[in-house]
Amino acid sequence: SRHTFQVAANYRFGARNGGASTFETPTYNWTGFYAGGALGAGASVHQIEIPPLAGAKFNGLGGEGAFGELNVGYDHDFGNWVAGVMVDARYSGMTSKLDLGGGSINVDTDYGFDVLGRVGMKMNESTLAYALAGYSWQHFDLNASDPFGDILDWGSSGFSVGGGLETAV
C-alpha cells in the first residue's frame, strides 16, 4: 500500500475569472481542461514473500520518500457541484530498506500512474472540496546489495481513493 500527501498547482485553460475588481467575490467557472504538477511525500508498506529463500516472508516492511507528479484533466461545472476526470503520472524516491547485517534488500516504489474521477462541492465560487477515486498502477523494484543487484521488477494494479481542497488564485 502507498499513502501520500501532496501540494499541487494547476493551470486551467480558458477559465473565466469574473470581471473587473470589486468587493464582490468574482464568479469562477470550473469547466475546462487543466494541467499541472505536484510535489509530495509518502510512505509505502510491503508484504514480500521470497519462495527461493526457504519461504522467507517480510510483512510490514516500510519506507518513505518524496515524489513528483504531472497531471492533466477536465472538469465540468454543474452549479454548486463539479465533476471531472484526471490522469496523472509520478516518479518517486520512496524506498523501503531491510538491513541484513552484511547487506541489505531494498524495495523501490519508483513510478506509476492513476486514472481518477472526482466529484466536488463548491465551498464558495472559487473553492472546491472534492472526493476522488479510480484505477492506479505502480512499478516496484526489488534489489539487494552486491553481489545480487537487481532481483525482481513488477507492477501492481489497484485503486486510489482520496479527497482534497482546491482554490482558484
# chains A, B, ... in the order shown; residues from 1 in each chain; ligands from 1

call {"tool": "residues_around", "arguments": {"residues": "Thr31 (chain A)", "least_positions_apart": "3", "cutoff": "7 Å", "atoms": "only C-alpha atoms", "output": "compact mmCIF listing (two decimals) with all heavy atoms, in the first residue's frame"}}
result
# COMPACT_ATOMS: atom_id res chain seq x y z
N ASP A 75 -12.75 19.17 -15.98
CA ASP A 75 -13.86 19.31 -15.03
C ASP A 75 -15.03 19.97 -15.71
O ASP A 75 -14.87 20.74 -16.66
CB ASP A 75 -13.45 20.19 -13.84
CG ASP A 75 -12.51 19.50 -12.88
OD1 ASP A 75 -12.61 18.27 -12.74
OD2 ASP A 75 -11.69 20.19 -12.26
N HIS A 76 -16.24 19.69 -15.20
CA HIS A 76 -17.44 20.37 -15.67
C HIS A 76 -18.18 20.95 -14.46
O HIS A 76 -18.38 20.26 -13.47
CB HIS A 76 -18.36 19.42 -16.44
CG HIS A 76 -19.48 20.13 -17.12
ND1 HIS A 76 -19.32 20.76 -18.33
CD2 HIS A 76 -20.75 20.36 -16.73
CE1 HIS A 76 -20.47 21.34 -18.66
NE2 HIS A 76 -21.34 21.11 -17.70
N ASP A 77 -18.53 22.22 -14.57
CA ASP A 77 -19.22 22.96 -13.51
C ASP A 77 -20.72 22.78 -13.66
O ASP A 77 -21.30 23.13 -14.68
CB ASP A 77 -18.83 24.45 -13.62
CG ASP A 77 -19.23 25.26 -12.42
OD1 ASP A 77 -20.27 24.96 -11.79
OD2 ASP A 77 -18.50 26.22 -12.11

call {"tool": "residues_around", "arguments": {"residues": "Ala83 (chain A)", "least_positions_apart": "6", "cutoff": "10 Å", "atoms": "only C-alpha atoms", "output": "PDB file with N, CA and C atoms, in the first residue's frame"}}
result
ATOM      1  N   TRP A  30     -15.534  26.466 -13.274  1.00  0.00           N
ATOM      2  CA  TRP A  30     -14.653  25.318 -13.144  1.00  0.00           C
ATOM      3  C   TRP A  30     -14.588  24.469 -14.410  1.00  0.00           C
ATOM      4  N   THR A  31     -15.435  24.750 -15.408  1.00  0.00           N
ATOM      5  CA  THR A  31     -15.461  23.940 -16.625  1.00  0.00           C
ATOM      6  C   THR A  31     -14.209  24.179 -17.459  1.00  0.00           C
ATOM      7  N   TYR A  74     -10.004  17.216 -16.901  1.00  0.00           N
ATOM      8  CA  TYR A  74     -11.129  18.021 -17.365  1.00  0.00           C
ATOM      9  C   TYR A  74     -12.197  18.000 -16.288  1.00  0.00           C
ATOM     10  N   ASP A  75     -12.750  19.174 -15.977  1.00  0.00           N
ATOM     11  CA  ASP A  75     -13.857  19.313 -15.025  1.00  0.00           C
ATOM     12  C   ASP A  75     -15.032  19.967 -15.710  1.00  0.00           C
ATOM     13  N   HIS A  76     -16.239  19.690 -15.196  1.00  0.00           N
ATOM     14  CA  HIS A  76     -17.444  20.369 -15.669  1.00  0.00           C
ATOM     15  C   HIS A  76     -18.179  20.953 -14.463  1.00  0.00           C
ATOM     16  N   ASP A  77     -18.530  22.223 -14.568  1.00  0.00           N
ATOM     17  CA  ASP A  77     -19.215  22.963 -13.506  1.00  0.00           C
ATOM     18  C   ASP A  77     -20.724  22.781 -13.661  1.00  0.00           C
ATOM     19  N   GLY A 117     -11.594   9.727 -11.248  1.00  0.00           N
ATOM     20  CA  GLY A 117     -12.770  10.566 -11.378  1.00  0.00           C
ATOM     21  C   GLY A 117     -12.927  11.338 -10.081  1.00  0.00           C
ATOM     22  N   ARG A 118     -13.488  12.545 -10.169  1.00  0.00           N
ATOM     23  CA  ARG A 118     -13.688  13.298  -8.937  1.00  0.00           C
ATOM     24  C   ARG A 118     -15.015  14.032  -8.977  1.00  0.00           C
ATOM     25  N   VAL A 119     -15.584  14.225  -7.796  1.00  0.00           N
ATOM     26  CA  VAL A 119     -16.825  14.975  -7.623  1.00  0.00           C
ATOM     27  C   VAL A 119     -16.595  15.918  -6.455  1.00  0.00           C
ATOM     28  N   GLY A 120     -16.951  17.187  -6.658  1.00  0.00           N
ATOM     29  CA  GLY A 120     -16.729  18.170  -5.605  1.00  0.00           C
ATOM     30  C   GLY A 120     -17.900  19.104  -5.412  1.00  0.00           C
ATOM     31  N   MET A 121     -17.939  19.681  -4.228  1.00  0.00           N
ATOM     32  CA  MET A 121     -18.951  20.675  -3.892  1.00  0.00           C
ATOM     33  C   MET A 121     -18.247  22.011  -3.682  1.00  0.00           C
ATOM     34  N   TYR A 130     -13.424  18.219  -2.683  1.00  0.00           N
ATOM     35  CA  TYR A 130     -13.740  17.101  -3.576  1.00  0.00           C
ATOM     36  C   TYR A 130     -13.291  15.759  -3.015  1.00  0.00           C
ATOM     37  N   ALA A 131     -13.921  14.699  -3.538  1.00  0.00           N
ATOM     38  CA  ALA A 131     -13.513  13.315  -3.296  1.00  0.00           C
ATOM     39  C   ALA A 131     -13.139  12.731  -4.647  1.00  0.00           C
ATOM     40  N   LEU A 132     -12.169  11.823  -4.657  1.00  0.00           N
ATOM     41  CA  LEU A 132     -11.766  11.196  -5.911  1.00  0.00           C
ATOM     42  C   LEU A 132     -11.552   9.706  -5.704  1.00  0.00           C
TER      43      LEU A 132
END

call {"tool": "closest_atom_pairs", "arguments": {"of": "region 27-121 of chain A", "to": "region 136-156 of chain A", "cutoff": "9 Å", "atoms": "only C-alpha atoms", "output": "JSON lines"}}
result
{"residue": "A:Gly102", "atom": "CA", "partner": "A:Ser145", "partner_atom": "CA", "distance": 8.9}
{"residue": "A:Gly103", "atom": "CA", "partner": "A:Ser145", "partner_atom": "CA", "distance": 5.5}
{"residue": "A:Ser104", "atom": "CA", "partner": "A:Ser145", "partner_atom": "CA", "distance": 5.5}
{"residue": "A:Ile105", "atom": "CA", "partner": "A:Ala144", "partner_atom": "CA", "distance": 4.3}
{"residue": "A:Asn106", "atom": "CA", "partner": "A:Asn143", "partner_atom": "CA", "distance": 5.3}
{"residue": "A:Val107", "atom": "CA", "partner": "A:Leu142", "partner_atom": "CA", "distance": 4.6}
{"residue": "A:Asp108", "atom": "CA", "partner": "A:Asp141", "partner_atom": "CA", "distance": 5.1}
{"residue": "A:Thr109", "atom": "CA", "partner": "A:Phe140", "partner_atom": "CA", "distance": 4.9}
{"residue": "A:Asp110", "atom": "CA", "partner": "A:His139", "partner_atom": "CA", "distance": 6.1}
{"residue": "A:Tyr111", "atom": "CA", "partner": "A:His139", "partner_atom": "CA", "distance": 5.5}
{"residue": "A:Gly112", "atom": "CA", "partner": "A:Gln138", "partner_atom": "CA", "distance": 4.2}
{"residue": "A:Phe113", "atom": "CA", "partner": "A:Trp137", "partner_atom": "CA", "distance": 5.5}
{"residue": "A:Asp114", "atom": "CA", "partner": "A:Ser136", "partner_atom": "CA", "distance": 4.4}
{"residue": "A:Val115", "atom": "CA", "partner": "A:Ser136", "partner_atom": "CA", "distance": 6.5}
{"residue": "A:Leu116", "atom": "CA", "partner": "A:Ser136", "partner_atom": "CA", "distance": 8.3}

call {"tool": "residues_around", "arguments": {"residues": "Leu128 (chain A)", "least_positions_apart": "5", "cutoff": "9 Å", "atoms": "only C-alpha atoms", "output": "ChimeraX atom specification"}}
result
/A:81-82,120-123,164-168

call {"tool": "atom_distance", "arguments": {"atom1": "CA of Val45 (chain A)", "atom2": "CA of Thr95 (chain A)"}}
result
9.9 Å

call {"tool": "closest_residue", "arguments": {"among": "A:Gly62, A:Ser44, A:Gly32, A:Leu98", "to": "Val85 (chain A)", "atoms": "only C-alpha atoms"}}
result
A:Gly32

call {"tool": "atom_distance", "arguments": {"atom1": "CA of Ala8 (chain A)", "atom2": "CA of Phe159 (chain A)"}}
result
20.6 Å

call {"tool": "closest_residue", "arguments": {"among": "A:Leu100, A:Gly73, A:Ser157, A:Ala129", "to": "Asp88 (chain A)", "atoms": "only C-alpha atoms"}}
result
A:Gly73

call {"tool": "residues_around", "arguments": {"residues": "His3 (chain A)", "least_positions_apart": "4", "cutoff": "12 Å", "atoms": "only C-alpha atoms", "output": "PyMOL selection string"}}
result
chain A and resi 40-46+62-67+94+109+160-162

call {"tool": "select_by_dssp", "arguments": {"residues": "chain A", "states": "strand (DSSP E)", "output": "compact mmCIF listing (two decimals) with N, CA and C atoms, in the first residue's frame"}}
result
# COMPACT_ATOMS: atom_id res chain seq x y z
N ARG A 2 0.34 2.32 -0.51
CA ARG A 2 1.08 3.57 -0.63
C ARG A 2 0.20 4.68 -0.07
N HIS A 3 0.73 5.50 0.82
CA HIS A 3 -0.01 6.59 1.45
C HIS A 3 0.75 7.88 1.20
N THR A 4 0.07 8.90 0.64
CA THR A 4 0.78 10.12 0.26
C THR A 4 0.03 11.38 0.65
N PHE A 5 0.78 12.47 0.69
CA PHE A 5 0.25 13.82 0.86
C PHE A 5 0.97 14.67 -0.17
N GLN A 6 0.23 15.56 -0.86
CA GLN A 6 0.88 16.37 -1.88
C GLN A 6 0.29 17.77 -1.94
N VAL A 7 1.09 18.67 -2.49
CA VAL A 7 0.68 20.05 -2.78
C VAL A 7 0.87 20.25 -4.27
N ALA A 8 -0.18 20.74 -4.95
CA ALA A 8 -0.15 20.83 -6.40
C ALA A 8 -0.54 22.22 -6.87
N ALA A 9 -0.13 22.54 -8.08
CA ALA A 9 -0.56 23.77 -8.77
C ALA A 9 -0.98 23.37 -10.17
N ASN A 10 -2.15 23.86 -10.60
CA ASN A 10 -2.68 23.56 -11.93
C ASN A 10 -3.01 24.85 -12.65
N TYR A 11 -2.93 24.80 -13.97
CA TYR A 11 -3.37 25.91 -14.80
C TYR A 11 -4.62 25.46 -15.54
N ARG A 12 -5.72 26.20 -15.37
CA ARG A 12 -6.98 25.88 -16.04
C ARG A 12 -7.06 26.71 -17.31
N GLY A 32 -13.56 23.09 -17.86
CA GLY A 32 -12.42 23.20 -18.76
C GLY A 32 -11.32 22.22 -18.46
N PHE A 33 -10.32 22.25 -19.34
CA PHE A 33 -9.13 21.40 -19.21
C PHE A 33 -8.12 22.08 -18.30
N TYR A 34 -7.30 21.27 -17.64
CA TYR A 34 -6.22 21.81 -16.82
C TYR A 34 -5.02 20.88 -16.88
N ALA A 35 -3.85 21.44 -16.58
CA ALA A 35 -2.61 20.68 -16.49
C ALA A 35 -1.82 21.22 -15.32
N GLY A 36 -1.06 20.37 -14.67
CA GLY A 36 -0.30 20.85 -13.53
C GLY A 36 0.72 19.85 -13.03
N GLY A 37 1.26 20.19 -11.88
CA GLY A 37 2.27 19.34 -11.26
C GLY A 37 2.13 19.38 -9.75
N ALA A 38 2.75 18.41 -9.10
CA ALA A 38 2.67 18.32 -7.65
C ALA A 38 3.98 17.79 -7.09
N LEU A 39 4.24 18.14 -5.87
CA LEU A 39 5.34 17.57 -5.08
C LEU A 39 4.71 17.00 -3.83
N GLY A 40 5.24 15.89 -3.37
CA GLY A 40 4.65 15.29 -2.18
C GLY A 40 5.62 14.38 -1.46
N ALA A 41 5.12 13.82 -0.38
CA ALA A 41 5.88 12.85 0.41
C ALA A 41 4.93 11.71 0.73
N GLY A 42 5.49 10.55 0.95
CA GLY A 42 4.64 9.41 1.24
C GLY A 42 5.38 8.27 1.89
N ALA A 43 4.61 7.26 2.21
CA ALA A 43 5.15 6.05 2.81
C ALA A 43 4.56 4.85 2.09
N SER A 44 5.31 3.77 2.04
CA SER A 44 4.82 2.54 1.44
C SER A 44 5.03 1.40 2.43
N VAL A 45 4.12 0.44 2.39
CA VAL A 45 4.20 -0.73 3.26
C VAL A 45 4.09 -1.96 2.36
N HIS A 46 5.00 -2.94 2.53
CA HIS A 46 5.05 -4.11 1.66
C HIS A 46 4.90 -5.40 2.44
N GLN A 47 4.33 -6.39 1.77
CA GLN A 47 4.38 -7.78 2.24
C GLN A 47 5.08 -8.55 1.14
N ILE A 48 6.26 -9.07 1.43
CA ILE A 48 7.08 -9.72 0.41
C ILE A 48 7.31 -11.17 0.81
N GLU A 49 7.08 -12.08 -0.13
CA GLU A 49 7.38 -13.50 0.06
C GLU A 49 8.41 -13.90 -0.98
N ILE A 50 9.48 -14.54 -0.53
CA ILE A 50 10.55 -14.95 -1.44
C ILE A 50 10.70 -16.47 -1.32
N ALA A 56 10.90 -17.29 2.83
CA ALA A 56 11.10 -16.07 3.62
C ALA A 56 9.95 -15.10 3.40
N LYS A 57 9.44 -14.54 4.49
CA LYS A 57 8.34 -13.56 4.44
C LYS A 57 8.75 -12.32 5.20
N PHE A 58 8.49 -11.17 4.59
CA PHE A 58 8.71 -9.88 5.25
C PHE A 58 7.38 -9.14 5.19
N ASN A 59 6.66 -9.09 6.28
CA ASN A 59 5.36 -8.43 6.32
C ASN A 59 5.50 -7.12 7.08
N GLY A 60 5.04 -6.03 6.47
CA GLY A 60 5.11 -4.73 7.12
C GLY A 60 6.41 -4.00 6.87
N LEU A 61 7.21 -4.45 5.91
CA LEU A 61 8.44 -3.75 5.53
C LEU A 61 8.02 -2.40 4.95
N GLY A 62 8.46 -1.31 5.54
CA GLY A 62 8.00 0.01 5.10
C GLY A 62 9.14 0.97 4.87
N GLY A 63 8.81 2.04 4.18
CA GLY A 63 9.77 3.08 3.90
C GLY A 63 9.05 4.35 3.50
N GLU A 64 9.81 5.38 3.30
CA GLU A 64 9.22 6.67 2.92
C GLU A 64 10.11 7.38 1.92
N GLY A 65 9.59 8.49 1.40
CA GLY A 65 10.35 9.26 0.43
C GLY A 65 9.50 10.36 -0.18
N ALA A 66 10.07 11.05 -1.15
CA ALA A 66 9.39 12.16 -1.82
C ALA A 66 9.07 11.74 -3.26
N PHE A 67 8.13 12.46 -3.89
CA PHE A 67 7.78 12.17 -5.27
C PHE A 67 7.33 13.43 -5.98
N GLY A 68 7.35 13.37 -7.30
CA GLY A 68 6.85 14.44 -8.16
C GLY A 68 5.80 13.87 -9.09
N GLU A 69 4.86 14.71 -9.50
CA GLU A 69 3.74 14.23 -10.31
C GLU A 69 3.33 15.27 -11.34
N LEU A 70 2.94 14.82 -12.53
CA LEU A 70 2.35 15.67 -13.56
C LEU A 70 0.95 15.17 -13.82
N ASN A 71 -0.01 16.10 -14.08
CA ASN A 71 -1.39 15.68 -14.31
C ASN A 71 -2.06 16.51 -15.38
N VAL A 72 -3.08 15.92 -15.99
CA VAL A 72 -3.98 16.61 -16.91
C VAL A 72 -5.39 16.14 -16.57
N GLY A 73 -6.36 17.02 -16.82
CA GLY A 73 -7.73 16.63 -16.50
C GLY A 73 -8.75 17.57 -17.12
N TYR A 74 -10.00 17.22 -16.90
CA TYR A 74 -11.13 18.02 -17.36
C TYR A 74 -12.20 18.00 -16.29
N ASP A 75 -12.75 19.17 -15.98
CA ASP A 75 -13.86 19.31 -15.03
C ASP A 75 -15.03 19.97 -15.71
N HIS A 76 -16.24 19.69 -15.20
CA HIS A 76 -17.44 20.37 -15.67
C HIS A 76 -18.18 20.95 -14.46
N ASP A 77 -18.53 22.22 -14.57
CA ASP A 77 -19.22 22.96 -13.51
C ASP A 77 -20.72 22.78 -13.66
N TRP A 81 -22.01 21.98 -7.89
CA TRP A 81 -21.21 20.77 -7.95
C TRP A 81 -20.27 20.79 -9.15
N VAL A 82 -19.15 20.12 -9.04
CA VAL A 82 -18.19 19.99 -10.13
C VAL A 82 -17.82 18.51 -10.24
N ALA A 83 -17.76 17.98 -11.46
CA ALA A 83 -17.34 16.60 -11.68
C ALA A 83 -16.30 16.58 -12.78
N GLY A 84 -15.37 15.65 -12.71
CA GLY A 84 -14.33 15.59 -13.73
C GLY A 84 -13.54 14.32 -13.71
N VAL A 85 -12.57 14.25 -14.62
CA VAL A 85 -11.65 13.12 -14.75
C VAL A 85 -10.22 13.66 -14.79
N MET A 86 -9.27 12.83 -14.35
CA MET A 86 -7.88 13.26 -14.29
C MET A 86 -6.97 12.06 -14.53
N VAL A 87 -5.84 12.29 -15.19
CA VAL A 87 -4.80 11.29 -15.37
C VAL A 87 -3.51 11.90 -14.85
N ASP A 88 -2.79 11.14 -14.04
CA ASP A 88 -1.50 11.65 -13.54
C ASP A 88 -0.43 10.58 -13.67
N ALA A 89 0.81 11.04 -13.75
CA ALA A 89 1.98 10.16 -13.78
C ALA A 89 2.97 10.68 -12.75
N ARG A 90 3.62 9.76 -12.05
CA ARG A 90 4.53 10.18 -10.97
C ARG A 90 5.85 9.42 -11.04
N TYR A 91 6.87 10.08 -10.49
CA TYR A 91 8.16 9.45 -10.27
C TYR A 91 8.49 9.63 -8.80
N SER A 92 8.91 8.55 -8.14
CA SER A 92 9.04 8.57 -6.69
C SER A 92 10.42 8.13 -6.24
N GLY A 93 10.82 8.66 -5.11
CA GLY A 93 12.04 8.23 -4.44
C GLY A 93 11.71 7.46 -3.17
N MET A 94 10.50 6.90 -3.09
CA MET A 94 10.09 6.15 -1.90
C MET A 94 10.78 4.79 -1.90
N THR A 95 11.53 4.51 -0.84
CA THR A 95 12.31 3.28 -0.74
C THR A 95 12.11 2.63 0.62
N SER A 96 11.93 1.32 0.60
CA SER A 96 11.89 0.51 1.82
C SER A 96 13.19 -0.26 1.89
N LYS A 97 13.85 -0.24 3.04
CA LYS A 97 15.16 -0.89 3.16
C LYS A 97 15.16 -1.83 4.36
N LEU A 98 15.65 -3.05 4.11
CA LEU A 98 15.80 -4.05 5.17
C LEU A 98 17.29 -4.36 5.30
N ASP A 99 17.89 -3.96 6.45
CA ASP A 99 19.31 -4.24 6.69
C ASP A 99 19.46 -5.66 7.22
N SER A 104 21.89 -5.54 2.39
CA SER A 104 20.54 -5.01 2.53
C SER A 104 19.69 -5.38 1.33
N ILE A 105 18.39 -5.35 1.53
CA ILE A 105 17.41 -5.54 0.47
C ILE A 105 16.56 -4.29 0.42
N ASN A 106 16.37 -3.74 -0.79
CA ASN A 106 15.56 -2.53 -0.98
C ASN A 106 14.37 -2.84 -1.87
N VAL A 107 13.23 -2.20 -1.56
CA VAL A 107 12.08 -2.21 -2.45
C VAL A 107 11.83 -0.75 -2.82
N ASP A 108 12.02 -0.42 -4.09
CA ASP A 108 11.81 0.94 -4.57
C ASP A 108 10.42 1.05 -5.18
N THR A 109 9.65 2.04 -4.72
CA THR A 109 8.35 2.37 -5.29
C THR A 109 8.63 3.51 -6.25
N ASP A 110 9.01 3.20 -7.50
CA ASP A 110 9.65 4.21 -8.33
C ASP A 110 8.76 5.01 -9.28
N TYR A 111 7.85 4.42 -10.02
CA TYR A 111 7.00 5.22 -10.90
C TYR A 111 5.63 4.57 -11.05
N GLY A 112 4.64 5.37 -11.46
CA GLY A 112 3.29 4.85 -11.62
C GLY A 112 2.36 5.90 -12.21
N PHE A 113 1.07 5.53 -12.33
CA PHE A 113 0.08 6.45 -12.85
C PHE A 113 -1.29 6.15 -12.25
N ASP A 114 -2.21 7.10 -12.37
CA ASP A 114 -3.58 6.96 -11.89
C ASP A 114 -4.53 7.49 -12.96
N VAL A 115 -5.72 6.91 -13.04
CA VAL A 115 -6.83 7.43 -13.84
C VAL A 115 -7.97 7.60 -12.85
N LEU A 116 -8.36 8.85 -12.60
CA LEU A 116 -9.27 9.16 -11.49
C LEU A 116 -10.50 9.94 -11.94
N GLY A 117 -11.59 9.73 -11.25
CA GLY A 117 -12.77 10.57 -11.38
C GLY A 117 -12.93 11.34 -10.08
N ARG A 118 -13.49 12.54 -10.17
CA ARG A 118 -13.69 13.30 -8.94
C ARG A 118 -15.01 14.03 -8.98
N VAL A 119 -15.58 14.23 -7.80
CA VAL A 119 -16.83 14.97 -7.62
C VAL A 119 -16.60 15.92 -6.46
N GLY A 120 -16.95 17.19 -6.66
CA GLY A 120 -16.73 18.17 -5.61
C GLY A 120 -17.90 19.10 -5.41
N MET A 121 -17.94 19.68 -4.23
CA MET A 121 -18.95 20.67 -3.89
C MET A 121 -18.25 22.01 -3.68
N LYS A 122 -18.82 23.07 -4.26
CA LYS A 122 -18.23 24.39 -4.10
C LYS A 122 -18.46 24.90 -2.68
N MET A 123 -17.38 25.29 -2.03
CA MET A 123 -17.46 25.91 -0.70
C MET A 123 -17.81 27.38 -0.86
N ASN A 124 -17.32 27.99 -1.93
CA ASN A 124 -17.69 29.32 -2.41
C ASN A 124 -17.39 29.29 -3.90
N THR A 127 -13.60 28.01 -4.42
CA THR A 127 -13.01 26.94 -3.61
C THR A 127 -13.86 25.68 -3.73
N LEU A 128 -13.20 24.57 -3.99
CA LEU A 128 -13.87 23.30 -4.22
C LEU A 128 -13.34 22.25 -3.24
N ALA A 129 -14.23 21.58 -2.51
CA ALA A 129 -13.89 20.41 -1.70
C ALA A 129 -14.31 19.20 -2.51
N TYR A 130 -13.42 18.22 -2.68
CA TYR A 130 -13.74 17.10 -3.58
C TYR A 130 -13.29 15.76 -3.02
N ALA A 131 -13.92 14.70 -3.54
CA ALA A 131 -13.51 13.32 -3.30
C ALA A 131 -13.14 12.73 -4.65
N LEU A 132 -12.17 11.82 -4.66
CA LEU A 132 -11.77 11.20 -5.91
C LEU A 132 -11.55 9.71 -5.70
N ALA A 133 -11.66 8.96 -6.81
CA ALA A 133 -11.43 7.52 -6.78
C ALA A 133 -11.10 7.06 -8.19
N GLY A 134 -10.38 5.96 -8.30
CA GLY A 134 -10.07 5.43 -9.63
C GLY A 134 -9.01 4.35 -9.61
N TYR A 135 -8.50 4.04 -10.79
CA TYR A 135 -7.53 2.99 -11.03
C TYR A 135 -6.11 3.52 -10.81
N SER A 136 -5.26 2.69 -10.21
CA SER A 136 -3.85 3.04 -10.01
C SER A 136 -2.96 1.89 -10.44
N TRP A 137 -1.77 2.23 -10.93
CA TRP A 137 -0.75 1.25 -11.26
C TRP A 137 0.57 1.77 -10.72
N GLN A 138 1.36 0.89 -10.12
CA GLN A 138 2.63 1.27 -9.53
C GLN A 138 3.70 0.26 -9.90
N HIS A 139 4.91 0.71 -10.24
CA HIS A 139 6.05 -0.15 -10.52
C HIS A 139 6.90 -0.27 -9.28
N PHE A 140 7.42 -1.47 -9.03
CA PHE A 140 8.30 -1.73 -7.89
C PHE A 140 9.57 -2.41 -8.39
N ASP A 141 10.66 -2.20 -7.65
CA ASP A 141 11.95 -2.80 -7.98
C ASP A 141 12.54 -3.36 -6.69
N LEU A 142 12.75 -4.67 -6.66
CA LEU A 142 13.38 -5.34 -5.53
C LEU A 142 14.83 -5.57 -5.88
N ASN A 143 15.74 -5.03 -5.06
CA ASN A 143 17.17 -5.21 -5.32
C ASN A 143 17.91 -5.40 -4.01
N ALA A 144 19.10 -5.95 -4.11
CA ALA A 144 19.92 -6.24 -2.93
C ALA A 144 21.32 -5.71 -3.15
N GLY A 149 22.43 -7.53 -6.64
CA GLY A 149 21.92 -6.48 -7.52
C GLY A 149 20.41 -6.57 -7.69
N ASP A 150 19.94 -6.32 -8.92
CA ASP A 150 18.50 -6.38 -9.19
C ASP A 150 18.00 -7.81 -9.05
N ILE A 151 16.90 -7.96 -8.31
CA ILE A 151 16.32 -9.29 -8.10
C ILE A 151 15.02 -9.43 -8.89
N LEU A 152 14.14 -8.42 -8.81
CA LEU A 152 12.82 -8.56 -9.41
C LEU A 152 12.21 -7.18 -9.66
N ASP A 153 11.59 -7.01 -10.83
CA ASP A 153 10.79 -5.82 -11.15
C ASP A 153 9.36 -6.29 -11.35
N TRP A 154 8.39 -5.52 -10.86
CA TRP A 154 7.00 -5.88 -11.09
C TRP A 154 6.11 -4.65 -10.99
N GLY A 155 4.92 -4.78 -11.55
CA GLY A 155 3.91 -3.74 -11.45
C GLY A 155 2.71 -4.28 -10.71
N SER A 156 2.00 -3.38 -10.05
CA SER A 156 0.84 -3.78 -9.28
C SER A 156 -0.32 -2.82 -9.54
N SER A 157 -1.49 -3.38 -9.81
CA SER A 157 -2.69 -2.58 -10.05
C SER A 157 -3.53 -2.53 -8.78
N GLY A 158 -4.31 -1.48 -8.67
CA GLY A 158 -5.18 -1.34 -7.52
C GLY A 158 -6.11 -0.16 -7.70
N PHE A 159 -6.53 0.42 -6.61
CA PHE A 159 -7.41 1.56 -6.66
C PHE A 159 -6.90 2.65 -5.74
N SER A 160 -7.29 3.87 -6.05
CA SER A 160 -6.95 5.04 -5.23
C SER A 160 -8.24 5.68 -4.75
N VAL A 161 -8.23 6.15 -3.55
CA VAL A 161 -9.31 6.98 -3.02
C VAL A 161 -8.67 8.14 -2.29
N GLY A 162 -9.34 9.26 -2.26
CA GLY A 162 -8.79 10.41 -1.58
C GLY A 162 -9.73 11.60 -1.63
N GLY A 163 -9.23 12.70 -1.19
CA GLY A 163 -10.00 13.93 -1.19
C GLY A 163 -9.06 15.11 -1.18
N GLY A 164 -9.63 16.28 -1.37
CA GLY A 164 -8.80 17.46 -1.37
C GLY A 164 -9.60 18.73 -1.33
N LEU A 165 -8.88 19.82 -1.29
CA LEU A 165 -9.44 21.15 -1.29
C LEU A 165 -8.66 21.94 -2.32
N GLU A 166 -9.37 22.56 -3.26
CA GLU A 166 -8.74 23.30 -4.34
C GLU A 166 -9.32 24.70 -4.37
N THR A 167 -8.46 25.68 -4.57
CA THR A 167 -8.93 27.07 -4.66
C THR A 167 -8.28 27.77 -5.83
